[in-house]
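What follows is query08.txt (compact mmCIF, C-alpha atoms).
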# COMPACT_ATOMS: atom_id res chain seq x y z
CA MET A 1 69.30 -54.20 65.42
CA ASN A 2 68.67 -57.17 63.16
CA GLU A 3 70.44 -56.72 59.82
CA LEU A 4 67.29 -57.42 57.81
CA ILE A 5 65.44 -54.75 59.76
CA GLU A 6 68.26 -52.29 59.06
CA LEU A 7 68.00 -53.03 55.35
CA GLN A 8 64.22 -52.73 55.42
CA SER A 9 64.65 -49.38 57.18
CA ALA A 10 67.10 -47.98 54.62
CA GLY A 11 66.34 -44.47 53.41
CA VAL A 12 66.33 -45.60 49.77
CA PRO A 13 64.33 -48.54 48.32
CA LEU A 14 67.44 -50.70 48.33
CA LEU A 15 65.92 -54.17 48.78
CA GLU A 16 63.11 -53.42 46.35
CA MET A 17 65.48 -52.31 43.59
CA LEU A 18 68.22 -54.87 44.11
CA ASP A 19 66.21 -58.06 44.50
CA GLY A 20 62.56 -57.18 44.12
CA ALA A 21 61.92 -57.74 47.82
CA SER A 22 59.94 -55.54 50.20
CA PRO A 23 57.32 -54.27 47.74
CA PRO A 24 56.07 -50.88 48.93
CA ALA A 25 52.54 -50.06 49.95
CA ALA A 26 50.24 -49.20 47.06
CA ARG A 27 47.35 -48.15 49.29
CA ARG A 28 46.46 -47.52 52.89
CA HIS A 29 45.53 -50.41 55.15
CA ASP A 30 43.77 -50.31 58.49
CA MET A 31 45.92 -52.51 60.67
CA ILE A 32 47.58 -52.81 64.01
CA PRO A 33 51.31 -52.44 63.31
CA ILE A 34 53.21 -55.55 64.34
CA THR A 35 56.55 -55.20 62.62
CA VAL A 36 58.95 -52.29 62.22
CA VAL A 37 57.95 -52.07 58.57
CA ASP A 38 54.23 -51.97 59.47
CA ALA A 39 54.86 -48.96 61.68
CA ALA A 40 57.03 -47.30 59.04
CA VAL A 41 54.34 -47.72 56.37
CA GLY A 42 51.78 -46.09 58.63
CA LYS A 43 54.14 -43.20 59.33
CA ALA A 44 54.89 -42.88 55.61
CA TRP A 45 51.23 -42.30 54.82
CA THR A 46 50.98 -39.80 57.68
CA VAL A 47 53.93 -37.81 56.34
CA HIS A 48 52.62 -38.08 52.77
CA ASP A 49 49.25 -36.68 53.82
CA SER A 50 50.83 -33.93 55.90
CA VAL A 51 52.98 -32.68 53.02
CA LEU A 52 49.97 -32.72 50.68
CA GLN A 53 47.60 -31.49 53.43
CA ILE A 54 44.95 -34.11 52.79
CA GLY A 55 42.71 -36.11 55.09
CA ALA A 56 43.28 -35.66 58.81
CA ALA A 57 46.39 -33.60 58.05
CA ARG A 58 44.13 -30.67 57.16
CA ASP A 59 43.48 -30.15 60.87
CA PRO A 60 45.79 -27.28 61.94
CA ALA A 61 45.53 -28.46 65.57
CA ARG A 62 46.91 -31.90 64.75
CA PRO A 63 49.83 -32.56 67.13
CA ILE A 64 53.41 -32.66 65.90
CA ASP A 65 54.69 -35.85 67.52
CA THR A 66 57.88 -36.68 65.62
CA PRO A 67 60.69 -34.97 63.68
CA GLN A 68 59.10 -36.36 60.52
CA ASP A 69 55.81 -34.59 61.35
CA SER A 70 57.65 -31.31 61.81
CA ALA A 71 59.65 -31.84 58.61
CA ALA A 72 56.48 -32.57 56.62
CA ARG A 73 54.90 -29.28 57.67
CA LEU A 74 58.06 -27.33 56.90
CA VAL A 75 58.31 -28.97 53.47
CA ARG A 76 54.68 -28.14 52.69
CA LEU A 77 55.19 -24.47 53.58
CA TRP A 78 58.51 -24.21 51.76
CA ALA A 79 57.30 -25.90 48.57
CA GLY A 80 54.32 -23.55 48.61
CA CYS A 81 56.67 -20.56 48.81
CA ARG A 82 55.35 -19.70 52.27
CA SER A 83 58.62 -20.06 54.14
CA GLU A 84 61.63 -17.79 54.38
CA LEU A 85 63.99 -20.65 55.19
CA ALA A 86 67.00 -20.99 52.90
CA PHE A 87 67.53 -24.23 51.00
CA GLU A 88 70.43 -25.24 53.24
CA GLN A 89 68.10 -24.92 56.22
CA MET A 90 65.42 -26.98 54.45
CA LEU A 91 67.57 -29.85 53.21
CA PRO A 92 67.46 -31.82 56.49
CA SER A 93 63.66 -31.68 56.46
CA LEU A 94 63.47 -32.61 52.78
CA ARG A 95 65.71 -35.59 53.45
CA LEU A 96 63.65 -36.68 56.45
CA VAL A 97 60.48 -36.62 54.37
CA ALA A 98 62.20 -38.56 51.59
CA GLU A 99 63.51 -41.25 53.93
CA ALA A 100 60.18 -41.52 55.77
CA THR A 101 58.11 -42.00 52.62
CA ILE A 102 59.97 -43.20 49.52
CA PRO A 103 61.01 -46.71 50.64
CA TYR A 104 57.55 -47.52 52.00
CA LEU A 105 55.17 -46.10 49.38
CA GLN A 106 54.46 -47.33 45.88
CA LYS A 107 56.17 -44.97 43.46
CA ASP A 108 53.03 -43.23 42.25
CA ALA A 109 52.15 -42.31 45.83
CA ALA A 110 55.72 -41.21 46.58
CA LEU A 111 55.81 -39.08 43.44
CA GLU A 112 52.72 -37.21 44.61
CA ILE A 113 55.10 -35.43 46.99
CA TRP A 114 58.09 -34.82 44.73
CA ARG A 115 56.80 -34.36 41.19
CA PRO A 116 54.64 -31.29 41.95
CA MET A 117 57.49 -29.86 44.01
CA THR A 118 59.73 -29.71 40.95
CA GLN A 119 57.17 -27.32 39.43
CA SER A 120 57.09 -25.01 42.46
CA PRO A 121 58.23 -21.47 41.57
CA CYS A 122 60.52 -21.57 44.60
CA VAL A 123 62.17 -24.78 43.43
CA LYS A 124 62.47 -23.54 39.85
CA ALA A 125 64.26 -20.46 41.19
CA LEU A 126 66.90 -22.51 43.01
CA PRO A 127 70.44 -22.67 41.62
CA PRO A 128 71.21 -25.97 39.86
CA GLU A 129 73.25 -27.39 42.75
CA HIS A 130 70.26 -27.05 45.06
CA ARG A 131 67.60 -28.05 42.54
CA ARG A 132 69.48 -31.32 41.98
CA TRP A 133 68.49 -32.47 45.45
CA ILE A 134 64.78 -32.19 44.61
CA GLU A 135 65.49 -33.99 41.34
CA LEU A 136 67.30 -36.74 43.24
CA PHE A 137 64.40 -37.23 45.67
CA GLU A 138 62.03 -37.38 42.69
CA ALA A 139 64.28 -39.90 40.90
CA VAL A 140 64.48 -42.18 43.95
CA ALA A 141 60.71 -41.94 44.43
CA ASP A 142 60.33 -42.97 40.78
CA ARG A 143 62.90 -45.79 41.15
CA ASN A 144 64.51 -44.28 38.04
CA ALA A 145 68.03 -45.70 38.16
CA ASP A 146 69.38 -43.57 35.31
CA ALA A 147 68.20 -40.34 36.93
CA MET A 148 69.40 -41.49 40.35
CA ILE A 149 72.90 -41.98 38.93
CA ALA A 150 72.96 -38.71 37.00
CA THR A 151 71.70 -36.49 39.81
CA GLY A 152 73.35 -38.40 42.65
CA ALA A 153 76.77 -38.40 40.99
CA ALA A 154 76.51 -34.68 40.25
CA ILE A 155 75.68 -33.96 43.89
CA LEU A 156 78.53 -36.12 45.17
CA ASP A 157 81.05 -34.62 42.74
CA ALA A 158 80.14 -31.14 43.96
CA THR A 159 80.21 -32.06 47.66
CA LYS A 160 82.63 -30.07 49.77
CA THR A 161 81.17 -30.71 53.22
CA PRO A 162 82.15 -33.51 55.62
CA PRO A 163 80.01 -36.66 55.43
CA ASN A 164 76.50 -36.14 56.77
CA GLU A 165 72.99 -37.57 56.49
CA ALA A 166 72.36 -35.85 53.14
CA THR A 167 75.57 -37.01 51.48
CA GLU A 168 74.85 -40.52 52.76
CA PHE A 169 71.44 -40.45 51.08
CA ALA A 170 73.01 -39.32 47.80
CA PHE A 171 75.72 -41.98 48.07
CA LEU A 172 73.32 -44.84 48.80
CA ALA A 173 70.94 -43.74 46.04
CA THR A 174 73.75 -43.56 43.49
CA ALA A 175 75.38 -46.83 44.57
CA THR A 176 72.05 -48.68 44.60
CA ALA A 177 71.25 -47.48 41.08
CA LEU A 178 74.70 -48.38 39.75
CA VAL A 179 74.51 -51.92 41.13
CA CYS A 180 70.91 -52.22 39.98
CA LYS A 181 71.95 -51.42 36.41
CA GLY A 182 74.93 -53.72 36.45
CA GLU A 183 77.48 -50.89 36.44
CA ARG A 184 79.81 -52.89 38.69
CA ALA A 185 83.03 -51.05 37.76
CA LYS A 186 81.47 -47.65 38.37
CA ALA A 187 80.03 -48.85 41.68
CA LEU A 188 83.49 -49.97 42.79
CA LEU A 189 84.96 -46.59 41.86
CA LEU A 190 82.24 -44.91 43.90
CA PHE A 191 82.98 -47.16 46.88
CA ASP A 192 86.61 -46.07 46.71
CA ARG A 193 85.34 -42.57 47.59
CA ALA A 194 82.87 -43.71 50.26
CA LYS A 195 84.76 -42.10 53.16
CA SER A 196 84.12 -38.70 51.63
CA PHE A 197 80.35 -39.18 51.81
CA VAL A 198 79.52 -41.76 54.50
CA ARG A 199 80.39 -41.35 58.17
CA ARG A 200 82.39 -44.05 59.89
CA ASP A 201 80.18 -47.00 60.90
CA ALA A 202 77.06 -45.40 59.38
CA HIS A 203 74.71 -47.54 57.28
CA ALA A 204 76.84 -50.62 57.87
CA SER A 205 74.23 -53.12 56.64
CA GLU A 206 73.46 -51.18 53.47
CA MET A 207 77.15 -50.74 52.73
CA ARG A 208 77.84 -54.45 53.22
CA LEU A 209 75.02 -55.51 50.92
CA ILE A 210 75.95 -53.13 48.11
CA ALA A 211 79.65 -53.98 48.44
CA ALA A 212 78.85 -57.70 48.30
CA LEU A 213 76.84 -57.25 45.12
CA THR A 214 79.81 -55.60 43.42
CA ASP A 215 81.84 -58.78 43.99
CA SER A 216 82.61 -60.48 40.69
CA ARG A 217 81.70 -63.86 42.20
CA TYR A 218 78.04 -62.81 42.20
CA PRO A 219 75.94 -62.89 39.01
CA ALA A 220 76.00 -59.55 37.27
CA PHE A 221 73.05 -57.21 37.37
CA PRO A 222 70.77 -55.90 36.00
CA ARG A 223 68.16 -58.18 37.42
CA ALA A 224 64.41 -58.02 37.68
CA GLY A 225 64.81 -55.99 40.86
CA CYS A 226 65.93 -53.04 38.76
CA HIS A 227 62.37 -52.84 37.49
CA PRO A 228 60.35 -52.53 40.71
CA ARG A 229 56.92 -54.03 40.92
CA SER A 230 55.45 -50.74 42.08
Spit out the file's structure as structure tokens when you get a sec.
Amino acid sequence: MNELIELQSAGVPLLEMLDGASPPAARRHDMIPITVVDAAVGKAWTVHDSVLQIGAARDPARPIDTPQDSAARLVRLWAGCRSELAFEQMLPSLRLVAEATIPYLQKDAALEIWRPMTQSPCVKALPPEHRRWIELFEAVADRNADAMIATGAAILDATKTPPNEATEFAFLATATALVCKGERAKALLLFDRAKSFVRRDAHASEMRLIAALTDSRYPAFPRAGCHPRS
């Protein structure tokens, strides 16, 4: 896969936050998808609508065509306290929804999923170590670098599992925010622990870009990209 496409397909808004590129979609567009990003934006709106049960997503007979479609329905039921699934069982679906929507939607649209969820009685009842994940997804949707660092670092510090898709999301969110804010030394310390959170050969393009931006030969952040245009 082309390295630019890999970066554009990252589960966090990495390019947007680090150099102001790849502005997310502020509204729906009727178009024939041509690029990978075009298709991803269309899917992002589909998942967004399914979680919020608006538009065509209100049709209960609507087919479930992808893992993201299934995850969106599970997230909607769980956030509405209509699911008996434990948080550990829900986390993969929550992550899928986050990765399918946050990088491709303007932050106000992305927050329509996560901000109300933080007020759900089921989420409020979660223990802090689980509630932090919802707070992290909300922080990334908001492009709030300070909150991304605070919640992401807390999650990573408490991690006891082998590297997996969820720990990779937390790592990339935290590293992106640190570089975005110019916290080069802290980003380097985090990279020293990368093997604990990122599987071998996973997210190679994202890891290369973030690592390169911690190099002292590059101009220090923060840059305009730390204040997204969304």
message: Rounded to one decimal, what separation in Å do you get between atom CA of A:Asp215 and atom CA of A:Val179?
response: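 Taking atom CA of A:Asp215 as the start and atom CA of A:Val179 as the end point, the length is 10.4 Å.
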field: Counting only C-alpha atoms, the residue of A:Phe137, A:Tyr104, A:Phe87, A:Phe171 that sits nearest A:Val37
entry: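 Comparing A:Phe137, A:Tyr104, A:Phe87, A:Phe171 against A:Val37, the winner is A:Tyr104.
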- prompt: Can you tell me how far atom CA of A:Ile134 sits from atom CA of A:Glu84, in Å to one decimal?
  reply: 17.7 Å
task: Please return, as a PyMOL selection string, all polymer residues that have at least one atom within 9 Å of the point (66.3, -31.3, 51.2); use all atoms listed in the file and the file's own coordinate frame.
output: chain A and resi 75+87-98+130+133-134+137+166
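Between atom CA of A:Ile155 and atom CA of A:Pro24 there is a distance of 26.4 Å.
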Residue among A:Leu7, A:Ala72, A:Ala79, A:Ile54 lying closest to A:Lys124, counting all atoms listed in the file: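 Ranked by minimum distance to A:Lys124, first place goes to A:Ala79.
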field: Neighbours of point (53.2, -43.4, 41.3) within 9 Å, using only C-alpha atoms, written as a PyMOL selection string
entry: chain A and resi 26+105-112+141-142+230
field: Residues within 8 Å of A:Met148, all atoms listed in the file, excluding chain neighbours under 6 positions, as a list in words
entry: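 What passes the distance filter is Leu136, Ala139, Val140, Ala173, Thr174 and Ala177 of chain A.
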message: Report as a PyMOL selection string all protein, DNA and RNA residues lying within 10 Å of A:Arg131, evaluated on all atoms listed in the file, omitting residues in the same chain fewer than 6 positions from it.
response: chain A and resi 87+118+122-125+151
How would the residues just picked look written out with C-alpha atoms as a PDB file, in the frame of the given file?
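Written output follows (out-v1.pdb):
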ATOM      1  CA  PHE A  87      67.530 -24.230  51.000  1.00  0.00           C
ATOM      2  CA  THR A 118      59.730 -29.710  40.950  1.00  0.00           C
ATOM      3  CA  CYS A 122      60.520 -21.570  44.600  1.00  0.00           C
ATOM      4  CA  VAL A 123      62.170 -24.780  43.430  1.00  0.00           C
ATOM      5  CA  LYS A 124      62.470 -23.540  39.850  1.00  0.00           C
ATOM      6  CA  ALA A 125      64.260 -20.460  41.190  1.00  0.00           C
ATOM      7  CA  THR A 151      71.700 -36.490  39.810  1.00  0.00           C
TER       8      THR A 151
END
query: For A:Glu99, which residue out of A:Val36, A:Leu190, A:Ile5, A:Ala170 is the nearest one, using only C-alpha atoms?
result: A:Ala170
